[in-house]
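Have a look at run_1.txt; it's compact mmCIF, C-alpha atoms:
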# COMPACT_ATOMS: atom_id res chain seq x y z
CA MET A 13 26.37 -11.23 5.99
CA THR A 14 28.62 -9.19 3.70
CA ILE A 15 27.53 -6.23 1.56
CA ASN A 16 29.14 -5.18 -1.72
CA LEU A 17 29.24 -1.43 -1.14
CA ALA A 18 30.28 -0.81 -4.73
CA ASN A 19 26.82 -1.86 -5.91
CA LEU A 20 24.94 0.47 -3.56
CA PRO A 21 24.01 4.13 -4.07
CA GLU A 22 25.39 6.77 -1.71
CA PHE A 23 23.32 6.79 1.48
CA ILE A 24 22.09 10.38 1.78
CA PRO A 25 18.32 10.59 2.42
CA GLN A 26 16.76 13.55 0.60
CA PRO A 27 13.33 15.24 0.63
CA VAL A 28 10.88 13.25 -1.45
CA VAL A 29 7.11 12.93 -1.89
CA LEU A 30 5.76 9.46 -1.05
CA HIS A 31 2.21 8.31 -1.83
CA SER A 32 -0.10 5.48 -0.90
CA ASP A 33 -3.76 5.38 -1.87
CA LYS A 34 -4.72 7.03 1.44
CA VAL A 35 -1.69 8.98 2.67
CA THR A 36 0.88 11.37 1.24
CA LEU A 37 4.17 12.20 2.89
CA ARG A 38 5.69 15.41 1.61
CA PRO A 39 8.59 17.58 2.77
CA LEU A 40 7.81 19.89 5.70
CA THR A 41 7.89 23.64 4.89
CA LEU A 42 7.22 26.84 6.81
CA GLU A 43 3.95 27.13 4.87
CA ASP A 44 2.77 24.04 6.76
CA ALA A 45 2.90 25.79 10.15
CA GLU A 46 -0.85 26.25 10.60
CA GLY A 47 -1.76 22.73 9.51
CA PHE A 48 1.08 21.30 11.61
CA PHE A 49 -0.23 23.22 14.62
CA HIS A 50 -3.83 22.05 14.21
CA ALA A 51 -2.69 18.43 13.80
CA GLY A 52 -0.51 18.53 16.91
CA CYS A 53 -2.17 20.98 19.29
CA ASP A 54 -3.75 18.38 21.57
CA PRO A 55 -1.55 18.32 24.71
CA LYS A 56 -2.09 14.56 25.10
CA LEU A 57 0.15 14.04 22.07
CA TRP A 58 3.07 15.46 24.03
CA GLN A 59 2.63 13.50 27.25
CA TRP A 60 5.85 11.59 26.62
CA VAL A 61 7.67 14.23 24.58
CA VAL A 62 9.34 17.31 26.05
CA PRO A 63 9.08 20.07 24.96
CA ASN A 64 5.66 20.42 23.31
CA HIS A 65 6.51 21.64 19.80
CA CYS A 66 2.85 22.48 19.09
CA GLU A 67 2.18 24.62 22.15
CA SER A 68 1.52 27.63 19.90
CA LEU A 69 1.93 28.76 16.31
CA GLU A 70 5.13 30.49 17.36
CA THR A 71 6.64 27.30 18.80
CA VAL A 72 5.58 25.46 15.63
CA ARG A 73 7.30 27.97 13.38
CA ASN A 74 10.43 27.86 15.53
CA TRP A 75 10.45 24.06 15.43
CA ILE A 76 9.99 24.00 11.64
CA GLU A 77 12.93 26.40 11.26
CA VAL A 78 15.08 24.12 13.45
CA SER A 79 13.93 21.12 11.41
CA LEU A 80 14.76 22.79 8.09
CA LYS A 81 18.22 23.64 9.42
CA ALA A 82 18.70 19.96 10.31
CA LEU A 83 17.61 19.10 6.76
CA GLU A 84 20.14 21.55 5.34
CA ASN A 85 22.84 19.87 7.44
CA GLN A 86 21.75 16.41 6.18
CA GLU A 87 20.88 15.39 9.75
CA GLN A 88 17.13 14.88 9.29
CA VAL A 89 14.47 14.71 6.57
CA PRO A 90 11.15 15.99 7.99
CA PHE A 91 7.73 15.26 6.45
CA VAL A 92 4.12 16.23 7.01
CA ILE A 93 1.56 13.42 6.83
CA VAL A 94 -1.42 14.35 4.64
CA ASP A 95 -4.65 12.35 4.66
CA ARG A 96 -5.62 12.05 1.00
CA VAL A 97 -9.32 11.61 1.82
CA SER A 98 -9.67 14.95 3.64
CA ASN A 99 -6.54 16.58 2.13
CA GLN A 100 -5.51 17.83 5.56
CA ILE A 101 -2.27 17.58 7.49
CA VAL A 102 -2.82 14.94 10.17
CA GLY A 103 0.67 14.62 11.60
CA SER A 104 4.38 14.67 11.01
CA THR A 105 7.32 12.25 10.93
CA ARG A 106 10.91 12.22 9.74
CA TYR A 107 14.10 10.37 9.03
CA CYS A 108 16.66 11.19 11.71
CA SER A 109 19.80 9.77 13.38
CA ILE A 110 21.14 9.19 9.87
CA GLU A 111 24.28 7.05 9.82
CA SER A 112 25.44 7.25 6.21
CA ALA A 113 28.56 5.09 6.58
CA ASP A 114 26.56 2.29 8.21
CA ARG A 115 23.45 2.70 6.02
CA GLY A 116 21.12 3.17 8.97
CA LEU A 117 18.56 5.72 10.07
CA GLU A 118 15.72 6.25 12.48
CA ILE A 119 12.05 7.00 11.88
CA GLY A 120 11.15 9.42 14.63
CA PHE A 121 9.54 12.66 15.80
CA THR A 122 6.23 11.12 14.76
CA PHE A 123 2.87 12.41 15.92
CA ILE A 124 -0.60 11.82 14.51
CA SER A 125 -3.71 13.85 15.29
CA PRO A 126 -5.88 12.00 17.87
CA GLU A 127 -8.80 11.66 15.46
CA PHE A 128 -6.55 9.72 13.05
CA GLN A 129 -4.85 7.49 15.61
CA ARG A 130 -5.67 3.78 15.39
CA SER A 131 -6.65 4.38 11.76
CA TYR A 132 -4.87 3.63 8.50
CA VAL A 133 -2.60 6.69 8.79
CA ASN A 134 0.28 5.29 10.88
CA THR A 135 0.47 2.00 8.98
CA HIS A 136 0.52 3.74 5.59
CA ALA A 137 3.06 6.35 6.71
CA LYS A 138 5.43 3.78 8.23
CA PHE A 139 5.11 1.53 5.17
CA LEU A 140 6.07 4.38 2.83
CA LEU A 141 9.08 5.37 4.93
CA LEU A 142 10.29 1.80 5.40
CA GLN A 143 9.85 0.91 1.74
CA HIS A 144 11.77 4.00 0.64
CA ALA A 145 14.53 3.40 3.19
CA PHE A 146 15.12 -0.25 2.32
CA GLU A 147 14.27 -0.38 -1.40
CA ILE A 148 15.44 3.02 -2.67
CA LEU A 149 18.07 4.22 -0.21
CA GLY A 150 19.50 0.77 0.48
CA ALA A 151 19.30 0.92 4.27
CA ILE A 152 20.36 -2.14 6.25
CA ARG A 153 18.78 -0.97 9.51
CA VAL A 154 15.87 1.27 10.48
CA GLN A 155 15.36 1.96 14.17
CA LEU A 156 12.42 3.41 16.08
CA LYS A 157 12.49 4.74 19.65
CA THR A 158 9.88 5.82 22.16
CA HIS A 159 9.59 6.64 25.85
CA GLU A 160 9.85 3.52 28.01
CA ASN A 161 6.39 4.19 29.48
CA ASN A 162 4.62 5.06 26.21
CA LEU A 163 2.86 1.73 25.88
CA GLN A 164 0.61 2.89 23.03
CA SER A 165 3.62 3.82 20.93
CA ARG A 166 5.49 0.64 21.83
CA LYS A 167 2.52 -1.49 20.75
CA ALA A 168 2.22 0.47 17.49
CA ILE A 169 5.90 -0.07 16.67
CA ALA A 170 5.69 -3.79 17.44
CA ARG A 171 2.54 -4.05 15.35
CA ILE A 172 4.33 -2.83 12.22
CA GLY A 173 7.15 -5.33 12.75
CA GLY A 174 9.66 -3.51 14.93
CA VAL A 175 11.83 -5.91 16.94
CA PHE A 176 12.30 -4.83 20.56
CA GLU A 177 16.01 -4.55 21.35
CA GLY A 178 15.85 -3.30 24.94
CA ILE A 179 15.73 -0.22 27.14
CA LEU A 180 18.33 2.51 26.77
CA ARG A 181 18.62 3.61 30.37
CA HIS A 182 19.01 7.33 31.09
CA GLN A 183 19.18 7.89 27.34
CA ARG A 184 18.10 11.53 27.34
CA ILE A 185 17.92 14.55 29.61
CA GLN A 186 14.74 16.34 28.57
CA SER A 187 14.32 20.11 28.52
CA ASN A 188 12.37 20.01 31.81
CA GLY A 189 15.24 18.21 33.53
CA SER A 190 13.59 14.79 33.61
CA ILE A 191 15.63 11.77 32.59
CA ARG A 192 14.12 9.53 29.95
CA ASN A 193 14.57 5.78 29.54
CA THR A 194 13.98 4.84 25.91
CA ALA A 195 12.55 1.67 24.35
CA LEU A 196 14.53 0.75 21.24
CA PHE A 197 13.15 -1.21 18.26
CA SER A 198 14.59 -1.98 14.83
CA ILE A 199 13.92 -3.61 11.48
CA THR A 200 16.79 -4.91 9.33
CA ASN A 201 16.99 -5.32 5.57
CA GLU A 202 16.85 -9.11 6.05
CA GLU A 203 13.56 -8.76 7.95
CA TRP A 204 12.05 -6.22 5.57
CA PRO A 205 10.47 -8.68 3.07
CA GLN A 206 8.45 -10.35 5.84
CA VAL A 207 7.56 -7.01 7.43
CA LYS A 208 6.55 -5.65 4.01
CA THR A 209 4.19 -8.56 3.43
CA ARG A 210 2.61 -8.05 6.85
CA LEU A 211 2.14 -4.33 6.22
CA LEU A 212 0.74 -4.82 2.72
CA ASN A 213 -1.84 -7.21 4.15
CA SER A 214 -2.94 -4.59 6.65
CA LEU A 215 -3.05 -1.54 4.38

Starting from the file, give its structure as structure tokens.
Amino acid sequence: MTINLANLPEFIPQPVVLHSDKVTLRPLTLEDAEGFFHAGCDPKLWQWVVPNHCESLETVRNWIEVSLKALENQEQVPFVIVDRVSNQIVGSTRYCSIESADRGLEIGFTFISPEFQRSYVNTHAKFLLLQHAFEILGAIRVQLKTHENNLQSRKAIARIGGVFEGILRHQRIQSNGSIRNTALFSITNEEWPQVKTRLLNSL
């Protein structure tokens, strides 16, 4: 497959508001700290993620400041996930690992409040991010990663159409000193039409 780069827009993901009929993704701000904290304060959400960014309001504010600095450096684009039925923040997600020259990025740093897990929220949020990445930004690859042992997350990624590529062994040294093996999934632009149809049927 060959791509005519002259026909494609520059690949620089920017903050944007994305809507479905049930979910809104909007850019993360410091004003979201309290809602972010309440959505992510259950310690079970951080079983496979170190450190716990929602341990307190202070850690949340610090994490948002770090995230906004990454946005300023064009390294990440963080969002809050808002449930349109209740109008409350129910989680967060972002574009990260942005590879502009190769038109690829990752959807990561995702958490969803336990009461909204296994609901419509994750499917709607992932659909909005994937659609924007492939159809507006012109991505050719979107990857998703999770802890090797996080079976719930691995099943969720496979359910939305992520293709399992393998285990990245000793991929990360976490802040507590533990070494993480990471399960890697991806969706390519060639696979997106089929994945889109599957997601639309499940929205």

Can you work out which one of A:Ser198, A:Ser68, A:Asn213, A:Thr105 has the shortest atom-to-atom distance to Glu46 in chain A, counting all atoms listed in the file?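 Among the listed residues, A:Ser68 lies closest to Glu46 in chain A.
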
Kindly provide the residues of range 13-52 of chain A that approach range 137-150 of chain A to within 8 Å, each paired with its closest atom pair and their distance in Å to one decimal, based on all atoms listed in the file, listed by chain and increasing number, as a tab-separated table.
residue	atom	partner	partner_atom	distance
A:Leu20	CA	A:Gly150	CA	6.8
A:Pro21	CA	A:Leu149	CA	7.1
A:Glu22	CA	A:Leu149	CA	7.9
A:Phe23	CA	A:Leu149	CA	6.1
A:Ile24	CA	A:Leu149	CA	7.6
A:Pro25	CA	A:Leu149	CA	6.9
A:Leu30	CA	A:Leu140	CA	6.4
A:His31	CA	A:Leu140	CA	7.2
A:Ser32	CA	A:Leu140	CA	7.3
A:Val35	CA	A:Ala137	CA	6.8
A:Thr36	CA	A:Ala137	CA	7.7
A:Leu37	CA	A:Ala137	CA	7.1

Between A:Ala168, A:Ile191, A:Val175, A:Ile152, single out the one closest to Met13 in chain A, counting all atoms listed in the file. A:Ile152

Pick the closest to Ile76 in chain A from A:Ser165, A:Asn201, A:Ser104, A:Ser109: which is it, counting all atoms listed in the file? A:Ser104

Mind giving me the straight-line distance from CA of Ser214 in chain A to CA of Gly174 in chain A in Å, one decimal?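 Separation between CA of Ser214 in chain A and CA of Gly174 in chain A: 15.1 Å.
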
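Reported to one decimal place, the separation of CA of Leu40 in chain A from CA of Leu69 in chain A is 15.0 Å.
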
Residue contacts of Asn188 in chain A (12 Å, only C-alpha atoms) excluding same-chain residues fewer than 4 positions away, as JSON, numbers by chain: {"A": [60, 61, 62, 63, 64, 184, 192]}

Nearby residues (only C-alpha atoms) at most 10 Å from range 127-135 of chain A, same-chain spacing under 4 positions excluded, as a list in words: Lys34, Val35, Thr36, Ala51, Ile93, Val94, Asp95, Arg96, Val102, Gly103, Thr105, Thr122, Phe123, Phe139, Leu140, Gln164, Ala168, Ile169, Arg171, Ile172, Leu211, Leu212, Ser214 and Leu215 of chain A

With all atoms of range 202-215 of chain A from the file as input, state the centre and edge lengths in Å to one decimal of the axis-aligned box that has 5 Å extra on each side, as JSON.
{"center_x": 6.9, "center_y": -5.9, "center_z": 5.3, "size_x": 29.9, "size_y": 18.8, "size_z": 15.2}

Interatomic distance (Å, one decimal) between CA of Thr158 in chain A and CA of Glu203 in chain A: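 Calculated distance between CA of Thr158 in chain A and CA of Glu203 in chain A is 20.7 Å.
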
From the set A:Thr200, A:Asn74, A:Thr194, A:Gln206, which residue has the shortest atom-to-atom contact distance to Phe49 in chain A, counting all atoms listed in the file?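 Looking only at the distances to Phe49 in chain A, the closest residue turns out to be A:Asn74.
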
Tell me which protein, DNA and RNA residues are within 10 Å of Val72 in chain A, counting only C-alpha atoms, leaving out same-chain ones fewer than 6 positions away, and put them as number ranges by chain. A: 42, 44-49, 52-53, 64-66, 78

For Ala170 in chain A, which residue out of A:Thr41, A:Gln155, A:Ser112, A:Ser79 is the nearest one, using all atoms listed in the file? A:Gln155

From A:Pro55, A:Glu160, A:Thr14, A:Ile101, residue lying nearest Glu43 in chain A [only C-alpha atoms]: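 Closest candidate: A:Ile101.
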
Please provide as number ranges by chain all residues within 7 Å of Glu118 in chain A, with the sequence filter that same-chain residues fewer than 5 positions apart are discarded (counting only C-alpha atoms). A: 107-110, 154-156
